[in-house]
Structures are given as structure tokens and as C-alpha cells.
file run_4.txt (compact mmCIF, C-alpha atoms)
# COMPACT_ATOMS: atom_id res chain seq x y z
CA MET A 1 53.47 71.69 84.33
CA LYS A 2 54.51 74.93 85.97
CA ILE A 3 57.70 75.28 88.02
CA VAL A 4 58.16 78.22 90.39
CA HIS A 5 61.48 79.21 92.02
CA VAL A 6 61.41 80.11 95.71
CA PRO A 7 64.76 81.65 96.79
CA CYS A 8 65.54 80.66 100.39
CA LEU A 9 68.24 81.34 103.00
CA GLU A 10 71.39 82.85 101.45
CA ASP A 11 71.65 81.03 98.12
CA ASN A 12 69.26 78.05 98.26
CA TYR A 13 66.33 77.37 95.98
CA SER A 14 63.14 75.58 96.84
CA TYR A 15 60.76 74.86 93.98
CA ILE A 16 57.03 74.39 93.57
CA ILE A 17 55.89 72.00 90.82
CA ILE A 18 52.27 72.64 89.83
CA ASP A 19 49.96 70.42 87.81
CA GLU A 20 48.06 73.11 85.92
CA ALA A 21 44.92 71.03 85.31
CA THR A 22 44.25 70.27 88.98
CA LYS A 23 46.47 72.85 90.77
CA GLU A 24 47.93 70.04 92.85
CA ALA A 25 51.54 70.84 93.73
CA ALA A 26 54.78 69.44 95.15
CA ALA A 27 57.43 71.42 97.01
CA VAL A 28 61.10 70.52 96.49
CA ASP A 29 63.28 71.11 99.59
CA PRO A 30 60.97 73.65 101.30
CA VAL A 31 63.49 74.85 103.89
CA GLU A 32 61.45 78.02 104.56
CA PRO A 33 57.92 76.56 104.76
CA GLU A 34 56.02 79.81 105.30
CA LYS A 35 57.65 81.39 102.26
CA VAL A 36 56.97 78.31 100.13
CA LEU A 37 53.33 78.19 101.25
CA GLY A 38 52.92 81.89 100.47
CA VAL A 39 54.21 81.45 96.93
CA SER A 40 52.05 78.35 96.55
CA LYS A 41 48.93 80.33 97.52
CA GLU A 42 49.89 83.17 95.16
CA ASN A 43 49.81 80.58 92.37
CA GLY A 44 46.52 79.05 93.53
CA ALA A 45 48.27 75.76 94.19
CA ASP A 46 47.36 73.01 96.67
CA LEU A 47 50.49 71.44 98.18
CA LYS A 48 50.23 67.65 98.37
CA LEU A 49 53.85 66.43 98.44
CA VAL A 50 57.31 67.37 99.63
CA LEU A 51 60.20 66.01 97.57
CA THR A 52 63.39 66.08 99.66
CA THR A 53 66.64 65.67 97.73
CA HIS A 54 68.80 64.96 100.79
CA ARG A 55 69.01 65.18 104.56
CA HIS A 56 71.13 68.33 105.03
CA TRP A 57 69.36 70.98 107.12
CA ASP A 58 69.27 73.60 104.35
CA HIS A 59 67.16 71.19 102.27
CA ALA A 60 65.23 69.06 104.78
CA GLY A 61 65.11 71.50 107.70
CA GLY A 62 61.60 72.73 106.93
CA ASN A 63 59.93 69.35 106.70
CA GLU A 64 58.58 69.08 110.25
CA LYS A 65 57.20 72.63 110.11
CA ILE A 66 55.48 72.15 106.75
CA LYS A 67 53.81 68.99 108.13
CA LYS A 68 52.29 71.14 110.88
CA LEU A 69 51.26 73.87 108.44
CA VAL A 70 49.77 71.41 105.89
CA PRO A 71 48.21 68.48 107.79
CA GLY A 72 48.37 65.25 105.81
CA ILE A 73 51.13 66.35 103.42
CA ARG A 74 53.39 63.48 102.33
CA VAL A 75 57.14 63.99 102.73
CA TYR A 76 59.35 61.89 100.45
CA GLY A 77 63.08 61.24 100.80
CA GLY A 78 65.77 58.68 100.13
CA SER A 79 65.40 55.42 102.05
CA ILE A 80 68.94 55.49 103.46
CA ASP A 81 69.29 59.25 103.97
CA ASN A 82 67.57 59.67 107.36
CA VAL A 83 65.55 62.64 106.07
CA GLU A 84 63.92 64.79 108.76
CA GLY A 85 60.13 64.45 108.78
CA CYS A 86 60.07 61.78 106.07
CA THR A 87 56.75 59.91 105.79
CA ASP A 88 57.55 57.91 102.64
CA LYS A 89 60.98 56.46 101.88
CA LEU A 90 62.04 56.16 98.24
CA GLU A 91 64.26 53.70 96.42
CA ASN A 92 65.88 54.21 93.04
CA GLY A 93 63.23 53.83 90.34
CA ASP A 94 60.21 54.52 92.53
CA LYS A 95 57.45 56.46 90.76
CA LEU A 96 54.94 59.04 91.98
CA THR A 97 52.14 60.96 90.31
CA LEU A 98 50.93 64.50 90.92
CA GLY A 99 47.57 65.76 89.67
CA SER A 100 46.48 64.50 86.28
CA ASP A 101 49.59 65.01 84.14
CA ILE A 102 52.77 64.91 86.23
CA HIS A 103 54.93 61.82 86.71
CA ILE A 104 57.89 61.77 89.11
CA LEU A 105 60.74 59.26 88.98
CA ALA A 106 63.15 58.91 91.92
CA LEU A 107 66.80 58.55 90.90
CA HIS A 108 69.34 57.54 93.52
CA THR A 109 72.31 59.89 92.97
CA PRO A 110 74.65 59.24 95.91
CA CYS A 111 77.95 60.84 96.90
CA HIS A 112 77.12 64.21 98.45
CA THR A 113 75.02 62.12 100.82
CA LYS A 114 74.55 58.35 100.77
CA GLY A 115 70.84 58.49 100.05
CA HIS A 116 70.61 61.57 97.82
CA ILE A 117 67.64 61.47 95.43
CA SER A 118 67.20 63.46 92.21
CA TYR A 119 63.64 63.77 90.92
CA TYR A 120 62.96 63.41 87.19
CA VAL A 121 59.62 65.05 86.47
CA SER A 122 57.63 64.85 83.25
CA GLY A 123 54.34 66.49 82.29
CA LYS A 124 52.43 66.57 79.04
CA ASP A 125 54.12 65.14 75.94
CA GLU A 126 54.84 68.56 74.45
CA GLU A 127 56.55 69.83 77.63
CA ASP A 128 60.26 69.39 78.27
CA PRO A 129 60.89 67.29 81.37
CA ALA A 130 62.76 68.59 84.42
CA VAL A 131 65.16 67.12 86.95
CA PHE A 132 65.64 68.41 90.48
CA THR A 133 69.22 67.57 91.37
CA GLY A 134 69.66 69.02 94.87
CA ASP A 135 73.38 69.13 95.65
CA THR A 136 74.49 66.41 93.21
CA LEU A 137 74.51 68.35 89.92
CA PHE A 138 74.85 72.13 89.99
CA ILE A 139 74.91 74.41 86.98
CA ALA A 140 78.51 73.90 85.74
CA GLY A 141 79.40 72.08 88.95
CA CYS A 142 78.71 69.25 91.38
CA GLY A 143 78.38 68.78 95.12
CA LYS A 144 81.20 67.98 97.50
CA PHE A 145 81.89 64.30 98.07
CA PHE A 146 80.81 64.35 101.73
CA GLU A 147 79.61 60.74 101.98
CA GLY A 148 80.84 59.07 98.84
CA THR A 149 83.58 58.50 96.30
CA ALA A 150 84.53 59.76 92.87
CA GLU A 151 83.22 56.46 91.50
CA GLN A 152 79.79 57.17 92.98
CA MET A 153 79.72 60.76 91.73
CA TYR A 154 80.74 59.56 88.27
CA GLN A 155 77.81 57.12 88.27
CA SER A 156 75.41 59.80 89.54
CA LEU A 157 76.53 62.55 87.16
CA CYS A 158 77.95 60.94 84.07
CA VAL A 159 75.71 57.87 83.87
CA THR A 160 72.40 58.52 85.64
CA LEU A 161 71.88 62.24 84.99
CA ALA A 162 73.84 62.61 81.74
CA SER A 163 71.68 59.91 80.14
CA LEU A 164 68.45 61.91 80.62
CA PRO A 165 66.97 63.51 77.47
CA LYS A 166 69.09 66.50 76.44
CA PRO A 167 66.24 69.05 76.66
CA THR A 168 65.63 68.11 80.32
CA ARG A 169 65.65 71.27 82.43
CA VAL A 170 68.04 71.15 85.40
CA TYR A 171 66.89 72.70 88.70
CA CYS A 172 69.58 72.49 91.38
CA GLY A 173 69.69 73.40 95.06
CA HIS A 174 71.92 76.49 95.09
CA GLU A 175 72.76 79.61 93.09
CA TYR A 176 76.44 78.80 92.48
CA THR A 177 76.49 79.31 88.72
CA VAL A 178 78.84 82.30 88.32
CA ASN A 179 81.40 80.82 90.69
CA ASN A 180 81.18 77.42 88.99
CA LEU A 181 81.61 78.85 85.49
CA GLN A 182 84.62 80.90 86.61
CA PHE A 183 86.19 77.69 87.86
CA ALA A 184 85.18 75.77 84.71
CA LEU A 185 87.23 78.24 82.64
CA THR A 186 90.34 77.25 84.61
CA ILE A 187 89.82 73.68 83.39
CA GLU A 188 88.79 74.58 79.83
CA PRO A 189 90.04 78.11 79.05
CA ASP A 190 89.32 77.67 75.33
CA ASN A 191 85.71 76.53 75.74
CA THR A 192 83.74 79.41 74.23
CA ARG A 193 80.41 78.02 75.48
CA ILE A 194 81.64 78.38 79.08
CA ALA A 195 82.79 81.96 78.48
CA GLN A 196 79.49 82.86 76.82
CA LYS A 197 77.44 81.32 79.61
CA LEU A 198 79.55 83.06 82.27
CA SER A 199 78.90 86.44 80.67
CA TRP A 200 75.17 85.65 80.53
CA ALA A 201 75.14 84.43 84.15
CA GLU A 202 76.91 87.55 85.44
CA HIS A 203 74.38 89.82 83.70
CA THR A 204 71.49 87.67 84.92
CA ARG A 205 72.62 87.82 88.55
CA LYS A 206 73.20 91.59 88.36
CA ALA A 207 69.55 91.84 87.29
CA GLY A 208 68.58 89.85 90.40
CA LEU A 209 67.34 86.87 88.42
CA PRO A 210 68.07 83.14 88.84
CA THR A 211 70.47 81.41 86.44
CA ILE A 212 68.42 78.25 86.81
CA PRO A 213 67.29 76.16 84.98
CA SER A 214 70.00 74.90 82.72
CA THR A 215 69.52 71.82 80.54
CA ILE A 216 71.30 68.49 80.39
CA GLU A 217 72.53 69.51 76.92
CA GLU A 218 74.06 72.73 78.30
CA GLU A 219 75.72 70.83 81.14
CA LEU A 220 77.28 68.39 78.67
CA GLU A 221 78.79 71.41 76.90
CA THR A 222 79.94 73.50 79.89
CA ASN A 223 80.23 71.44 83.10
CA PRO A 224 83.75 70.00 83.57
CA PHE A 225 82.55 67.42 86.10
CA ILE A 226 80.10 65.84 83.66
CA ARG A 227 82.60 66.09 80.74
CA VAL A 228 85.31 63.89 82.29
CA ASP A 229 84.81 61.15 79.69
CA LEU A 230 86.39 63.50 77.13
CA PRO A 231 90.12 62.81 76.54
CA GLN A 232 90.89 66.54 76.39
CA ILE A 233 89.50 67.04 79.90
CA GLN A 234 91.54 64.15 81.29
CA GLU A 235 94.63 65.53 79.56
CA ARG A 236 94.07 69.02 80.98
CA VAL A 237 94.23 67.63 84.54
CA ASP A 238 96.96 65.02 83.89
CA CYS A 239 94.69 62.04 84.46
CA LYS A 240 94.24 58.74 82.65
CA SER A 241 90.60 57.91 83.43
CA PRO A 242 87.27 59.71 83.87
CA ILE A 243 87.01 58.82 87.56
CA GLU A 244 90.56 59.95 88.29
CA ALA A 245 89.83 63.20 86.44
CA LEU A 246 86.61 63.73 88.39
CA ALA A 247 88.44 63.32 91.71
CA GLU A 248 91.18 65.69 90.58
CA ILE A 249 88.77 68.38 89.38
CA ARG A 250 86.77 68.14 92.61
CA GLN A 251 89.96 68.54 94.65
CA ARG A 252 90.98 71.57 92.57
CA LYS A 253 87.55 73.12 93.05
CA ASP A 254 87.74 72.54 96.82
CA ASN A 255 91.02 74.48 96.93
CA TRP A 256 90.09 77.17 94.37
CA ARG A 257 89.10 80.71 95.27
CA PRO A 258 87.08 82.86 92.86
CA ARG A 259 88.28 86.18 91.55
CA ILE A 260 86.68 89.15 93.26
call {"tool": "encode", "arguments": {"input": "run_4.txt", "output": "C-alpha cells"}}
result
Amino acid sequence: MKIVHVPCLEDNYSYIIIDEATKEAAAVDPVEPEKVLGVSKENGADLKLVLTTHRHWDHAGGNEKIKKLVPGIRVYGGSIDNVEGCTDKLENGDKLTLGSDIHILALHTPCHTKGHISYYVSGKDEEDPAVFTGDTLFIAGCGKFFEGTAEQMYQSLCVTLASLPKPTRVYCGHEYTVNNLQFALTIEPDNTRIAQKLSWAEHTRKAGLPTIPSTIEEELETNPFIRVDLPQIQERVDCKSPIEALAEIRQRKDNWRPRI
């Protein structure tokens, strides 16, 4: 299984997932279809599927165009998310295959949008799996609660995604990592893993490289939103429960401005 980043718009990522035995491929959130198709061709891949995480234009806005450019391509999206160009609606737990070795599991991860889907993708046994989390889980962050509640985001982050195998690689929808880690240090100023990762992320971005993927294990060590079960996190934000802490941290992040 090969995964290729395709930077799009200002700070979005689309991804191409390639089954190396057959060269069959899936595009995740191909908002700039021509660019995604160009990268696909450079890799000798044959696009068969589109995996849409959610309905927002900067993720689903290329679906109609890619259907014209690749006749017969299947476009998947959440059943209740009203995804542009969707040909196949997915429910939580639905399974897809790609090529000979790739298995895709749809995980309903609502809150940012009601029908948001994360895609858990596994290849050969010796390969670490991957999860494409759209705007639900970011590196050291999470999406805004546009269409849901703290309870829903807790279920999506801290139950559904946090329970995936720790080596699972996390591919999210935006390059927000430096900003998110700066904020994470305001919640946990003594967390050396956050400080170390921030330093790494700053150097990586200065080199023009993506900070993605992370892993579920790294997120459990550095992401304050997914760490709200820890008593020390709740204490830091004067809360008595994980869900209350998650709501409070999200509100603080919404009002926070990064250092220049």
C-alpha cells in the first residue's frame, strides 16, 4: 500500500491510496481533480474510487469534476452528509476493497459535520494501517463542532479513533500541525513530547515538507483533545469530566491566537 500526499488549495491535503500489486487507486477528498489525476498518472495509478470524508466544499468540491474526468469512478461519502457527486452512500462499518490487498472500513465520526466519515485502511499484514480523518482528528487538534456536540466529538475522537491500533498512521485534511502544537503547549506546558514535536514540525514546515502522517500513538501522547480522559488534563482546564474538558478546550482553541 502506497499513500501519496497531494497538497491542495491553501492548506488542504488530498491523498492517493495505491494498491501496489494492481495499481488500482483511491483518491481521498480530491478537491483539485486535475492535480490529483496528474499525481496519480505520475505514479502509474488507475483511479477507481473517491473517498469523501465530509461535504464541505474544500473536501467534496472536486467530486463532480473528477466524475467527468474519470468516467465510471465511484464516489463514496457518508449517508447523511449530502456529499456532492456521491454515487455510493456509506454507513458506519461498511467495508470496501481496492485492488488485491487493500481493505477500507468506513467509520462514522460525526461532529464537524453530521455525516463525517473517517476511512480506516489496511494493506498487507506487515504494513501499518492508516486512517484518513478529514476534519475530525487533526495532528494535535480536532475540527470545530459545526454540526455536533462535545459528546459526539468525544465518541468520535476518544472512543472510535483512539481505539485503533497504536501504529495506525493518521492522515488528516489540513496542515494545521504547528498551530495546533503551539496551542497544545498552553494546555500542557510541561509535556515534553509536545515541545519536541513542535520543534520537529517547525523545521519540517520550513523545509516545505508535510508534517503528516502522525500515528494514533503520537496523538495519544500530544493531542489535548484526545487526552481528555486524563485527570491532569481535566484539572488544567478546571473541569470534572472528559466531555466537559473537551468542550472547554475547544472553546479555548476557538478564541486562541497563535504567536507570530
call {"tool": "residues_around", "arguments": {"input": "run_4.txt", "residues": "Val36 in chain A", "least_positions_apart": "3", "cutoff": "10 Å", "atoms": "only C-alpha atoms", "output": "PyMOL selection string"}}
result
chain A and resi 4-8+14-16+27-33+39-42+47+62+66
call {"tool": "residues_around", "arguments": {"input": "run_4.txt", "residues": "Lys65 in chain A", "least_positions_apart": "5", "cutoff": "12 Å", "atoms": "only C-alpha atoms", "output": "PyMOL selection string"}}
result
chain A and resi 30-37+50+60+70-71+73+75+84-86
call {"tool": "residues_around", "arguments": {"input": "run_4.txt", "residues": "Ser163 in chain A", "least_positions_apart": "4", "cutoff": "12 Å", "atoms": "only C-alpha atoms", "output": "MDAnalysis selection string"}}
result
chainID A and resid 107 120 131 155:159 167:168 216:217 219:220 226
call {"tool": "residues_around", "arguments": {"input": "run_4.txt", "residues": "Arg169 in chain A", "least_positions_apart": "4", "cutoff": "7 Å", "atoms": "all atoms listed in the file", "output": "list in words"}}
result
Pro129, Ala130, Val131, Pro213, Ser214, Thr215 and Ile216 of chain A
call {"tool": "atom_distance", "arguments": {"input": "run_4.txt", "atom1": "CA of Arg193 in chain A", "atom2": "CA of Met1 in chain A"}}
result
29.1 Å
call {"tool": "closest_residue", "arguments": {"input": "run_4.txt", "among": "A:Ile194, A:Lys124, A:Lys144, A:Thr160", "to": "Asn255 in chain A", "atoms": "all atoms listed in the file"}}
result
A:Lys144
call {"tool": "closest_atom_pairs", "arguments": {"input": "run_4.txt", "of": "range 47-158 of chain A", "to": "range 231-244 of chain A", "cutoff": "9 Å", "atoms": "all atoms listed in the file", "output": "JSON lines"}}
result
{"residue": "A:Ala150", "atom": "CA", "partner": "A:Ile243", "partner_atom": "CA", "distance": 5.9}
{"residue": "A:Glu151", "atom": "CA", "partner": "A:Ile243", "partner_atom": "CA", "distance": 6.0}
{"residue": "A:Met153", "atom": "CA", "partner": "A:Ile243", "partner_atom": "CA", "distance": 8.6}
{"residue": "A:Tyr154", "atom": "CA", "partner": "A:Ile243", "partner_atom": "CA", "distance": 6.4}
call {"tool": "residues_near_point", "arguments": {"input": "run_4.txt", "point": "(60.9, 56.3, 93.2)", "cutoff": "8 Å", "atoms": "all atoms listed in the file", "output": "list in words"}}
result
Leu90, Glu91, Asn92, Gly93, Asp94, Lys95, Leu96, Ile104, Leu105, Ala106 and Leu107 of chain A
call {"tool": "closest_residue", "arguments": {"input": "run_4.txt", "among": "A:Asp19, A:Asp81, A:Glu10, A:Asp190", "to": "Ser122 in chain A", "atoms": "only C-alpha atoms"}}
result
A:Asp19
call {"tool": "atom_distance", "arguments": {"input": "run_4.txt", "atom1": "CA of Ala25 in chain A", "atom2": "CA of Leu51 in chain A"}}
result
10.6 Å
call {"tool": "closest_residue", "arguments": {"input": "run_4.txt", "among": "A:His54, A:Asp101, A:Gly78, A:Glu248", "to": "Val228 in chain A", "atoms": "only C-alpha atoms"}}
result
A:Glu248
call {"tool": "build_atoms", "arguments": {"input": "run_4.txt", "residues": "range 69-80 of chain A", "atoms": "all heavy atoms", "output": "tab-separated table (two decimals), in the frame of the given file"}}
result
chain	number	residue	atom	x	y	z
A	69	LEU	N	52.00	72.84	109.18
A	69	LEU	CA	51.26	73.87	108.44
A	69	LEU	C	50.28	73.27	107.42
A	69	LEU	O	49.26	73.88	107.11
A	69	LEU	CB	52.23	74.81	107.73
A	69	LEU	CG	53.14	75.66	108.62
A	69	LEU	CD1	54.21	76.35	107.81
A	69	LEU	CD2	52.31	76.68	109.39
A	70	VAL	N	50.61	72.08	106.90
A	70	VAL	CA	49.77	71.41	105.89
A	70	VAL	C	49.48	69.99	106.38
A	70	VAL	O	50.17	69.04	105.98
A	70	VAL	CB	50.45	71.38	104.50
A	70	VAL	CG1	49.49	70.84	103.45
A	70	VAL	CG2	50.95	72.76	104.10
A	71	PRO	N	48.50	69.83	107.24
A	71	PRO	CA	48.21	68.48	107.79
A	71	PRO	C	47.94	67.47	106.67
A	71	PRO	O	47.25	67.77	105.71
A	71	PRO	CB	46.96	68.72	108.64
A	71	PRO	CG	47.01	70.17	109.00
A	71	PRO	CD	47.61	70.86	107.82
A	72	GLY	N	48.58	66.31	106.79
A	72	GLY	CA	48.37	65.25	105.81
A	72	GLY	C	49.31	65.27	104.64
A	72	GLY	O	49.30	64.35	103.81
A	73	ILE	N	50.18	66.30	104.54
A	73	ILE	CA	51.13	66.35	103.42
A	73	ILE	C	52.10	65.17	103.52
A	73	ILE	O	52.50	64.77	104.62
A	73	ILE	CB	51.87	67.71	103.39
A	73	ILE	CG1	52.56	67.91	102.02
A	73	ILE	CG2	52.89	67.82	104.52
A	73	ILE	CD1	53.04	69.34	101.80
A	74	ARG	N	52.44	64.59	102.37
A	74	ARG	CA	53.39	63.48	102.33
A	74	ARG	C	54.79	64.02	102.09
A	74	ARG	O	54.99	64.89	101.23
A	74	ARG	CB	53.04	62.48	101.22
A	74	ARG	CG	51.60	62.01	101.18
A	74	ARG	CD	51.14	61.41	102.48
A	74	ARG	NE	51.90	60.21	102.87
A	74	ARG	CZ	51.72	59.55	104.00
A	74	ARG	NH1	50.83	59.98	104.87
A	74	ARG	NH2	52.43	58.47	104.27
A	75	VAL	N	55.76	63.53	102.85
A	75	VAL	CA	57.14	63.99	102.73
A	75	VAL	C	58.01	62.82	102.26
A	75	VAL	O	58.16	61.82	102.97
A	75	VAL	CB	57.67	64.53	104.08
A	75	VAL	CG1	59.13	64.94	103.95
A	75	VAL	CG2	56.82	65.72	104.53
A	76	TYR	N	58.55	62.95	101.07
A	76	TYR	CA	59.35	61.89	100.45
A	76	TYR	C	60.84	62.18	100.59
A	76	TYR	O	61.27	63.33	100.54
A	76	TYR	CB	58.98	61.74	98.97
A	76	TYR	CG	57.59	61.20	98.75
A	76	TYR	CD1	56.48	62.05	98.74
A	76	TYR	CD2	57.38	59.83	98.60
A	76	TYR	CE1	55.20	61.55	98.56
A	76	TYR	CE2	56.10	59.33	98.42
A	76	TYR	CZ	55.01	60.19	98.40
A	76	TYR	OH	53.75	59.70	98.24
A	77	GLY	N	61.63	61.12	100.73
A	77	GLY	CA	63.08	61.24	100.80
A	77	GLY	C	63.73	59.89	100.59
A	77	GLY	O	63.07	58.85	100.62
A	78	GLY	N	65.03	59.91	100.38
A	78	GLY	CA	65.77	58.68	100.13
A	78	GLY	C	65.72	57.73	101.30
A	78	GLY	O	65.81	58.14	102.47
A	79	SER	N	65.61	56.44	101.01
A	79	SER	CA	65.40	55.42	102.05
A	79	SER	C	66.56	55.31	103.01
A	79	SER	O	66.38	54.92	104.17
A	79	SER	CB	65.12	54.06	101.40
A	79	SER	OG	66.25	53.62	100.68
A	80	ILE	N	67.78	55.65	102.57
A	80	ILE	CA	68.94	55.49	103.46
A	80	ILE	C	69.53	56.85	103.86
A	80	ILE	O	70.66	56.93	104.32
A	80	ILE	CB	70.03	54.60	102.83
A	80	ILE	CG1	70.52	55.17	101.49
A	80	ILE	CG2	69.54	53.18	102.67
A	80	ILE	CD1	71.76	54.45	100.95
